[in-house]
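Here's the structure, in structure tokens; my notes come after.
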Amino acid sequence: MPQPRAVVRPVSHARRRAQLLIVLGLSLGQSAVYSVVQLIDKATQAPLSQGTSTLNRSLNAREYFDLTYQLLDIVFALVPVALALYFVWDAVARTSGGPVEWTAPFRRLGLDLARPGRDWLWGVGLFLAIGIPSLGLYWAGRALGITTAIIPSGLDQHWWTVPVLIVSAMRHAVLEEVIVVAFMLGWLRRLGWAVPAAVAASALLRGSYHLYQGIGPFVGNAVMGLVFALVYRKYGRVMPLVIAHALLDITAFVGFSLVGRTIGLG
């Protein structure tokens, strides 16, 4: 007797729109709203050039409680990524007509180790192409008075400081690239957005949640968002973007932690 065919249940635009808004509302969309308010707050108190933005703050005066809070903050910040991956898995399951492995969303987004050599080549290339111009844009923004002093690490010096900064950088890389590039672009495409509009929305969102640092970082991160979105659209893998972003943040976080203001930051 023939097996009954699985019923493919199409997903409505309303459902996809809700999924996208929930993921953004729990993560970087929320950060963008807070960032706009923080920018207004700083700009109405004093010139932006006199403001300060600390990226990795101490969360407790006691060393091991600070470490605990840092690790908890990193873990729970990745929950929206898990939710986005679940929505991708659900979308694959609805159209496959059969059982779907838990690794399916990682393969679909290119967040796996299938092409390590190529991913690292592109990741390092993007890191070099973005890193030096970003530092120049920061200095230009400081000179023009439209960028706050950025302190990449406000953590005290402990044995765990550098490892936590590295893991924190990896957290930011995974969170931003999976949600703002891979997931957002995919869902906007399913909602019928044209490619230029989707890429622009992704880039503007990336810039907006950096607005608390000033106008310069908004522009720089929006340009970075355009480049990253176009690379993802062309190659369909988010792993090179994660690698590049992690290298950028590790260089900033750990470099500042080790040599401080002698590198011209803060």
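Letters A, B, ... go to the chains of the structure tokens in the order shown; residues in each chain start at 1; ligands are counted from 1 in the same order.
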
Picked from region 9-74 of chain A by DSSP as helix (DSSP H, G or I), as an NGL selection string: :A and (13-26 or 28-43 or 48-50 or 63-74)

Could you name the residues that touch Ala140 (chain A) at 12 Å or less, counting only C-alpha atoms, but leaving out those on the same chain fewer than 5 positions away, as number ranges by chain? A: 49, 133-135, 145-149, 214-217, 219-220

Kindly save the residues from that selection, with N, CA and C atoms included, as a JSON list (two decimals), in the first residue's frame.
```
[["chain", "number", "residue", "atom", "x", "y", "z"],
["A", 49, "SER", "N", 31.69, 64.44, 21.11],
["A", 49, "SER", "CA", 33.13, 64.21, 21.27],
["A", 49, "SER", "C", 33.53, 64.08, 22.73],
["A", 133, "PRO", "N", 39.98, 50.74, 7.27],
["A", 133, "PRO", "CA", 39.09, 51.89, 7.03],
["A", 133, "PRO", "C", 38.23, 52.24, 8.24],
["A", 134, "SER", "N", 37.82, 51.22, 9.01],
["A", 134, "SER", "CA", 37.00, 51.49, 10.20],
["A", 134, "SER", "C", 37.77, 52.31, 11.23],
["A", 135, "LEU", "N", 39.04, 51.97, 11.42],
["A", 135, "LEU", "CA", 39.85, 52.73, 12.37],
["A", 135, "LEU", "C", 40.05, 54.16, 11.88],
["A", 145, "GLY", "N", 34.08, 65.59, 15.77],
["A", 145, "GLY", "CA", 33.21, 65.75, 16.93],
["A", 145, "GLY", "C", 31.88, 65.03, 16.83],
["A", 146, "ILE", "N", 31.79, 64.01, 15.96],
["A", 146, "ILE", "CA", 30.52, 63.30, 15.80],
["A", 146, "ILE", "C", 30.59, 61.86, 16.31],
["A", 147, "THR", "N", 31.67, 61.53, 17.01],
["A", 147, "THR", "CA", 31.87, 60.18, 17.52],
["A", 147, "THR", "C", 32.33, 60.26, 18.97],
["A", 148, "THR", "N", 31.76, 59.41, 19.81],
["A", 148, "THR", "CA", 32.18, 59.36, 21.21],
["A", 148, "THR", "C", 33.52, 58.64, 21.32],
["A", 149, "ALA", "N", 34.18, 58.79, 22.46],
["A", 149, "ALA", "CA", 35.36, 57.99, 22.74],
["A", 149, "ALA", "C", 34.91, 56.56, 23.01],
["A", 214, "GLY", "N", 27.89, 57.21, 18.24],
["A", 214, "GLY", "CA", 28.00, 58.44, 17.46],
["A", 214, "GLY", "C", 27.66, 58.22, 16.00],
["A", 215, "ILE", "N", 27.70, 59.31, 15.23],
["A", 215, "ILE", "CA", 27.33, 59.25, 13.82],
["A", 215, "ILE", "C", 28.37, 58.50, 12.99],
["A", 216, "GLY", "N", 29.65, 58.69, 13.31],
["A", 216, "GLY", "CA", 30.71, 58.00, 12.57],
["A", 216, "GLY", "C", 30.55, 56.48, 12.58],
["A", 217, "PRO", "N", 30.39, 55.86, 13.76],
["A", 217, "PRO", "CA", 30.17, 54.41, 13.80],
["A", 217, "PRO", "C", 28.90, 53.96, 13.09],
["A", 219, "VAL", "N", 27.70, 55.33, 10.31],
["A", 219, "VAL", "CA", 28.05, 55.29, 8.89],
["A", 219, "VAL", "C", 28.96, 54.11, 8.58],
["A", 220, "GLY", "N", 29.99, 53.93, 9.40],
["A", 220, "GLY", "CA", 30.95, 52.85, 9.16],
["A", 220, "GLY", "C", 30.30, 51.49, 9.21]]
```

Produce a table with one row for each residue of region 162-189 of chain A that has an atom at most 9 Å from any atom of region 91-115 of chain A, each row naming the nearest atom pair and its distance in Å at one decimal; use only C-alpha atoms; arrange rows by chain and rising residue number; format as a Markdown table.
```
| residue | atom | partner | partner_atom | distance |
| --- | --- | --- | --- | --- |
| A:Val178 | CA | A:Leu109 | CA | 7.9 |
| A:Ala182 | CA | A:Leu109 | CA | 6.2 |
| A:Phe183 | CA | A:Leu109 | CA | 7.9 |
```

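Distance check against Phe87 (chain A) using only C-alpha atoms: of A:Thr161, A:Ser208, A:Thr251, A:Gln19, the minimum falls on A:Gln19.
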
Excluding same-chain residues fewer than 4 positions from Leu39 (chain A), what lies within 10 Å of it counting only C-alpha atoms, as a VMD selection string? chain A and resid 34 to 35 43 to 44 48 51 148 210 to 215

Any chance you can output those residues with C-alpha atoms as a compact mmCIF listing (two decimals), in the first residue's frame?
```
# COMPACT_ATOMS: atom_id res chain seq x y z
CA TYR A 34 17.92 51.80 22.86
CA SER A 35 20.84 53.06 20.79
CA ALA A 43 23.90 64.62 22.43
CA THR A 44 21.59 66.67 24.67
CA LEU A 48 29.35 63.80 21.30
CA GLY A 51 30.91 61.30 25.44
CA THR A 148 32.18 59.36 21.21
CA HIS A 210 25.76 51.39 16.83
CA LEU A 211 24.33 54.92 17.02
CA TYR A 212 25.06 55.14 20.76
CA GLN A 213 28.72 55.44 19.70
CA GLY A 214 28.00 58.44 17.46
CA ILE A 215 27.33 59.25 13.82
```

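Distances here use only C-alpha atoms; by that measure, the residue among A:Val164, A:Val180, A:Leu144, A:Ile243 closest to Pro47 (chain A) is A:Leu144.
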
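Every residue of region 102-236 of chain A with a DSSP assignment of strand (DSSP E or B), taken from the backbone, is listed as Thr147, Ala149, Ile150, Ile151 and Gly214 of chain A.
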
Please provide the set of residues having any atom within 12 Å of Leu67 (chain A), restricted to only C-alpha atoms, with same-chain residues fewer than 4 positions apart removed, written as a list in words. Arg57, Ser58, Leu59, Asn60, Ala61, Arg62, Glu63, Leu71, Leu72, Asp73, Ile74, Leu155, Asp156, Gln157, His158, Trp159, Trp160, Thr161, Val162, Pro163, Val164, Leu165 and Ser168 of chain A

Write the selection just made, keeping N, CA and C atoms, as a CSV table (one decimal), in the first residue's frame?
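Generated output (selection-v5.csv):
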```csv
chain,number,residue,atom,x,y,z
A,57,ARG,N,31.5,46.1,29.7
A,57,ARG,CA,31.6,46.7,31.1
A,57,ARG,C,31.7,45.6,32.1
A,58,SER,N,32.3,46.0,33.3
A,58,SER,CA,32.3,45.1,34.4
A,58,SER,C,30.9,45.0,35.0
A,59,LEU,N,30.5,43.8,35.4
A,59,LEU,CA,29.1,43.7,35.8
A,59,LEU,C,29.0,43.4,37.3
A,60,ASN,N,30.1,43.3,38.0
A,60,ASN,CA,30.1,43.1,39.4
A,60,ASN,C,31.5,43.5,40.0
A,61,ALA,N,31.5,44.0,41.2
A,61,ALA,CA,32.8,44.4,41.8
A,61,ALA,C,33.6,43.2,42.2
A,62,ARG,N,33.0,42.1,42.5
A,62,ARG,CA,33.7,40.9,42.9
A,62,ARG,C,34.1,40.0,41.7
A,63,GLU,N,35.3,39.6,41.6
A,63,GLU,CA,35.9,39.0,40.4
A,63,GLU,C,35.1,37.8,39.9
A,71,LEU,N,29.6,35.5,31.6
A,71,LEU,CA,29.3,34.3,30.9
A,71,LEU,C,27.8,34.1,30.7
A,72,LEU,N,27.0,34.4,31.7
A,72,LEU,CA,25.6,34.4,31.6
A,72,LEU,C,25.1,35.3,30.5
A,73,ASP,N,25.7,36.5,30.5
A,73,ASP,CA,25.3,37.5,29.5
A,73,ASP,C,25.5,37.0,28.1
A,74,ILE,N,26.7,36.4,27.9
A,74,ILE,CA,27.0,35.8,26.6
A,74,ILE,C,26.1,34.7,26.2
A,155,LEU,N,36.7,46.0,31.4
A,155,LEU,CA,36.9,45.0,32.4
A,155,LEU,C,38.2,45.2,33.1
A,156,ASP,N,38.2,44.8,34.4
A,156,ASP,CA,39.4,44.8,35.2
A,156,ASP,C,40.3,43.7,34.7
A,157,GLN,N,41.6,43.8,35.0
A,157,GLN,CA,42.5,42.8,34.5
A,157,GLN,C,42.5,41.6,35.5
A,158,HIS,N,41.9,40.5,35.0
A,158,HIS,CA,41.9,39.2,35.7
A,158,HIS,C,42.5,38.1,34.8
A,159,TRP,N,42.7,37.0,35.3
A,159,TRP,CA,43.2,35.9,34.5
A,159,TRP,C,42.2,35.5,33.4
A,160,TRP,N,40.9,35.8,33.6
A,160,TRP,CA,39.9,35.4,32.6
A,160,TRP,C,39.5,36.5,31.7
A,161,THR,N,40.1,37.7,31.8
A,161,THR,CA,39.7,38.9,31.0
A,161,THR,C,39.8,38.6,29.5
A,162,VAL,N,41.0,38.2,29.1
A,162,VAL,CA,41.2,38.0,27.6
A,162,VAL,C,40.3,36.9,27.1
A,163,PRO,N,40.3,35.7,27.7
A,163,PRO,CA,39.4,34.7,27.2
A,163,PRO,C,37.9,35.1,27.1
A,164,VAL,N,37.4,35.9,28.1
A,164,VAL,CA,36.0,36.4,28.1
A,164,VAL,C,35.9,37.4,26.9
A,165,LEU,N,36.8,38.2,26.7
A,165,LEU,CA,36.7,39.2,25.6
A,165,LEU,C,36.7,38.5,24.3
A,168,SER,N,33.3,36.9,24.0
A,168,SER,CA,32.3,38.0,23.8
A,168,SER,C,32.4,38.5,22.3
```

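Residue nearest Ala14 (chain A), chosen from A:Arg190, A:Leu247, A:Tyr86, A:Ile132 and counting only C-alpha atoms: A:Arg190.
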
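Using only C-alpha atoms, the smallest distance between any of A:Leu126, A:Leu121, A:Val174, A:Trp139 and Ala77 (chain A) comes from A:Val174.
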
Would you list the contacts of Ala18 (chain A) as a VMD selection string, taking every protein, DNA or RNA residue within 12 Å and counting only C-alpha atoms, but skipping same-chain residues closer than 6 positions in sequence? chain A and resid 11 to 12 24 to 25 84 87 187 to 188 191

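Of the listed residues A:Trp193, A:Ala203, A:Phe65, A:Pro152, the one whose atoms come nearest to Phe256 (chain A) is A:Pro152, with distances taken using only C-alpha atoms.
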
Counting only C-alpha atoms, what is within 12 Å of Phe76 (chain A), bar same-chain residues fewer than 4 positions away, as a VMD selection string? chain A and resid 26 to 27 69 to 72 80 to 83 168 171 175
